[in-house]
Each structure stands twice: as structure tokens, then as C-alpha cells.
Amino acid sequence: MAQKGSMSAGKWFILYVISGFVDLLQIILDFFAIGIVINRVIDIFLGLGLPIYLHLNGIPMFETKNLMLYISVFIGEEIPLVDALPLWTFEVWRMHKNYITSQLTEAVPALTPTAQAMSGIKNPQQTPPLNKDGVRQPPQRQRVQQIKVNTSQKQQEADIISPDFNQTSEKSSDDDLKEAA
């Protein structure tokens, strides 16, 4: 079995040239009666040869996604007037794009926890740490209740502080009025 990644730029170029030539030839042949028969023969040879060639060069053609899309292009090429569209060139382009994407995905290493935190990417399977700076964090439900308790305590402290402030300011304004009179 061929290793994944053995398709060079030259091989892709050859596939683009062949598929483009076949699509152009099929468009020209659609103007002639014999073209209908010849187009079907070309589609059968290219339809069988292209996935085998790609598979032998490391492209996983027989995976469900690739196979279903390839079959849909093959069926599209068998429909009269639709076969005038450059479907073979489109299929080579789509496979090339998927190949490049898979190569880039394999080339990028997995993110370290620090890089993951900096990038903002969250891993839904990762559990939050049980401790922070050596102090064990309470479970999530208790943390919400604790925040509510802390908020209500701060509100009570604010209520205690603000009446004293208001009383002090009222006394000073009363004293100012008595002094003025």
C-alpha cells in the first residue's frame, strides 16, 4: 500500500491536464451524434482509472466521503448535457484540495495546553483543574452559591457603610445650617 503523501505537484499537474483535456473533448464531442457514445466510453475509462490511480498514490479514494462524491461526479457525467460541465476537472480539484488540507492538518502539531489557552480554543473533553494555586476549588454548583453569598455579604456591608455616610453628611449639613443662622 502506498504511503499517504506521495502525490507530487507534477502528478497533480498531469491530472489537471488530463481531466481538462477530457472535459474539453467531451464538450466538443457533444456537438456530434457519435460523441454521445464516445463520451460514455471516455467516462467509463476515466471513471475507473482515476480513483485507482489516486488510491495507488496514497489518496484514500475508498473512504465513504470521497467515494460518494466521486460516484456523484461519475453519475453526473452520464447525464446528457450535464456531461458538458467540467466535472472531471472539478473532481481532481476537489481531491487536490482535500489532499492539501489533510497534509496541513498532519503537519500542524497538536496544541500544547499553554498554546491552547492563548489561542482561546476550548477542549470540551478537558475537565477544569481541581485546584488553583494549591487551593482546592469547590464544585461548580457550590461556587455559584458562594458567589451569591459573597455578593449578598458585600451588599450588606454596603448597606451598613452607606447609612453611616448619609448620617454623617446629614449631620454636617445640619451643623452648617445652624452655624449660618
# chains A, B, ... in the order shown; residues from 1 in each chain; ligands from 1
call {"tool": "closest_atom_pairs", "arguments": {"of": "region 2-39 of chain A", "to": "region 84-88 of chain A", "cutoff": "9 Å", "atoms": "only C-alpha atoms", "output": "Markdown table"}}
result
| residue | atom | partner | partner_atom | distance |
| --- | --- | --- | --- | --- |
| A:Tyr16 | CA | A:Trp88 | CA | 8.9 |
| A:Ser19 | CA | A:Trp88 | CA | 5.4 |
| A:Gly20 | CA | A:Pro86 | CA | 7.3 |
| A:Val22 | CA | A:Trp88 | CA | 7.7 |
| A:Asp23 | CA | A:Pro86 | CA | 5.2 |
| A:Leu24 | CA | A:Pro86 | CA | 7.7 |
| A:Gln26 | CA | A:Ala84 | CA | 6.3 |
| A:Ile27 | CA | A:Ala84 | CA | 4.9 |
| A:Ile28 | CA | A:Ala84 | CA | 8.6 |
| A:Asp30 | CA | A:Ala84 | CA | 7.2 |
call {"tool": "closest_atom_pairs", "arguments": {"of": "region 4-77 of chain A", "to": "region 89-109 of chain A", "cutoff": "9 Å", "atoms": "only C-alpha atoms", "output": "JSON lines"}}
result
{"residue": "A:Lys4", "atom": "CA", "partner": "A:Gln103", "partner_atom": "CA", "distance": 8.9}
{"residue": "A:Gly5", "atom": "CA", "partner": "A:Gln103", "partner_atom": "CA", "distance": 7.1}
{"residue": "A:Met7", "atom": "CA", "partner": "A:Tyr99", "partner_atom": "CA", "distance": 8.8}
{"residue": "A:Trp12", "atom": "CA", "partner": "A:His96", "partner_atom": "CA", "distance": 7.3}
{"residue": "A:Leu15", "atom": "CA", "partner": "A:Val92", "partner_atom": "CA", "distance": 6.9}
{"residue": "A:Tyr16", "atom": "CA", "partner": "A:Thr89", "partner_atom": "CA", "distance": 6.3}
{"residue": "A:Val17", "atom": "CA", "partner": "A:Thr89", "partner_atom": "CA", "distance": 8.6}
{"residue": "A:Ile18", "atom": "CA", "partner": "A:Thr89", "partner_atom": "CA", "distance": 8.5}
{"residue": "A:Ser19", "atom": "CA", "partner": "A:Thr89", "partner_atom": "CA", "distance": 5.0}
{"residue": "A:Gly20", "atom": "CA", "partner": "A:Thr89", "partner_atom": "CA", "distance": 5.5}
{"residue": "A:Phe21", "atom": "CA", "partner": "A:Thr89", "partner_atom": "CA", "distance": 8.9}
{"residue": "A:Val22", "atom": "CA", "partner": "A:Thr89", "partner_atom": "CA", "distance": 8.6}
{"residue": "A:Asp23", "atom": "CA", "partner": "A:Thr89", "partner_atom": "CA", "distance": 7.1}
{"residue": "A:Leu50", "atom": "CA", "partner": "A:Val92", "partner_atom": "CA", "distance": 8.9}
{"residue": "A:Leu54", "atom": "CA", "partner": "A:Met95", "partner_atom": "CA", "distance": 9.0}
{"residue": "A:Ile59", "atom": "CA", "partner": "A:Tyr99", "partner_atom": "CA", "distance": 7.2}
{"residue": "A:Met61", "atom": "CA", "partner": "A:Met95", "partner_atom": "CA", "distance": 8.9}
{"residue": "A:Asn66", "atom": "CA", "partner": "A:Met95", "partner_atom": "CA", "distance": 8.0}
{"residue": "A:Leu69", "atom": "CA", "partner": "A:Glu91", "partner_atom": "CA", "distance": 8.3}
{"residue": "A:Tyr70", "atom": "CA", "partner": "A:Glu91", "partner_atom": "CA", "distance": 7.1}
{"residue": "A:Val73", "atom": "CA", "partner": "A:Glu91", "partner_atom": "CA", "distance": 7.1}
call {"tool": "write_last_selection", "arguments": {"atoms": "N, CA and C atoms", "output": "mmCIF file, in the first residue's frame"}}
result
data_model
loop_
_atom_site.group_PDB
_atom_site.id
_atom_site.type_symbol
_atom_site.label_atom_id
_atom_site.label_comp_id
_atom_site.auth_asym_id
_atom_site.auth_seq_id
_atom_site.Cartn_x
_atom_site.Cartn_y
_atom_site.Cartn_z
ATOM 1 N N LYS A 4 0.691 7.641 2.509
ATOM 2 C CA LYS A 4 -0.065 8.859 2.289
ATOM 3 C C LYS A 4 0.914 10.010 2.099
ATOM 4 N N GLY A 5 0.649 10.822 1.103
ATOM 5 C CA GLY A 5 1.509 11.972 0.878
ATOM 6 C C GLY A 5 2.497 11.770 -0.243
ATOM 7 N N MET A 7 1.839 12.077 -3.473
ATOM 8 C CA MET A 7 1.433 12.801 -4.679
ATOM 9 C C MET A 7 2.246 14.090 -4.771
ATOM 10 N N TRP A 12 -0.101 16.021 -9.779
ATOM 11 C CA TRP A 12 -1.353 16.781 -9.765
ATOM 12 C C TRP A 12 -1.504 17.573 -11.053
ATOM 13 N N LEU A 15 -2.704 15.310 -13.727
ATOM 14 C CA LEU A 15 -4.129 15.000 -13.553
ATOM 15 C C LEU A 15 -5.010 16.166 -13.999
ATOM 16 N N TYR A 16 -4.606 17.402 -13.688
ATOM 17 C CA TYR A 16 -5.368 18.568 -14.145
ATOM 18 C C TYR A 16 -5.387 18.648 -15.679
ATOM 19 N N VAL A 17 -4.249 18.400 -16.312
ATOM 20 C CA VAL A 17 -4.165 18.472 -17.774
ATOM 21 C C VAL A 17 -5.054 17.391 -18.400
ATOM 22 N N ILE A 18 -4.969 16.166 -17.896
ATOM 23 C CA ILE A 18 -5.777 15.073 -18.447
ATOM 24 C C ILE A 18 -7.262 15.344 -18.255
ATOM 25 N N SER A 19 -7.651 15.728 -17.030
ATOM 26 C CA SER A 19 -9.080 15.956 -16.781
ATOM 27 C C SER A 19 -9.587 17.166 -17.573
ATOM 28 N N GLY A 20 -8.785 18.208 -17.703
ATOM 29 C CA GLY A 20 -9.184 19.367 -18.505
ATOM 30 C C GLY A 20 -9.320 19.015 -19.973
ATOM 31 N N PHE A 21 -8.377 18.210 -20.478
ATOM 32 C CA PHE A 21 -8.452 17.774 -21.867
ATOM 33 C C PHE A 21 -9.691 16.921 -22.110
ATOM 34 N N VAL A 22 -9.974 16.004 -21.204
ATOM 35 C CA VAL A 22 -11.143 15.140 -21.348
ATOM 36 C C VAL A 22 -12.423 15.971 -21.307
ATOM 37 N N ASP A 23 -12.516 16.925 -20.399
ATOM 38 C CA ASP A 23 -13.717 17.773 -20.326
ATOM 39 C C ASP A 23 -13.881 18.599 -21.608
ATOM 40 N N LEU A 50 -9.177 6.812 -12.745
ATOM 41 C CA LEU A 50 -8.795 7.901 -11.841
ATOM 42 C C LEU A 50 -8.818 7.500 -10.363
ATOM 43 N N LEU A 54 -5.431 7.391 -8.026
ATOM 44 C CA LEU A 54 -5.329 8.183 -6.801
ATOM 45 C C LEU A 54 -5.112 7.291 -5.583
ATOM 46 N N ILE A 59 -4.005 8.502 -1.946
ATOM 47 C CA ILE A 59 -5.232 9.250 -1.674
ATOM 48 C C ILE A 59 -6.306 8.236 -1.296
ATOM 49 N N MET A 61 -9.277 6.990 -1.675
ATOM 50 C CA MET A 61 -10.459 7.120 -2.532
ATOM 51 C C MET A 61 -11.631 6.277 -2.054
ATOM 52 N N ASN A 66 -15.161 10.451 0.113
ATOM 53 C CA ASN A 66 -14.544 10.550 -1.208
ATOM 54 C C ASN A 66 -15.272 9.690 -2.230
ATOM 55 N N LEU A 69 -18.765 11.251 -3.233
ATOM 56 C CA LEU A 69 -18.609 12.414 -4.107
ATOM 57 C C LEU A 69 -18.119 11.999 -5.494
ATOM 58 N N TYR A 70 -17.248 11.015 -5.539
ATOM 59 C CA TYR A 70 -16.737 10.546 -6.829
ATOM 60 C C TYR A 70 -17.848 9.872 -7.636
ATOM 61 N N VAL A 73 -20.061 12.502 -9.200
ATOM 62 C CA VAL A 73 -19.465 13.092 -10.401
ATOM 63 C C VAL A 73 -19.598 12.118 -11.565
#
call {"tool": "atom_distance", "arguments": {"atom1": "CA of Val37 (chain A)", "atom2": "CA of Ile52 (chain A)"}}
result
23.4 Å
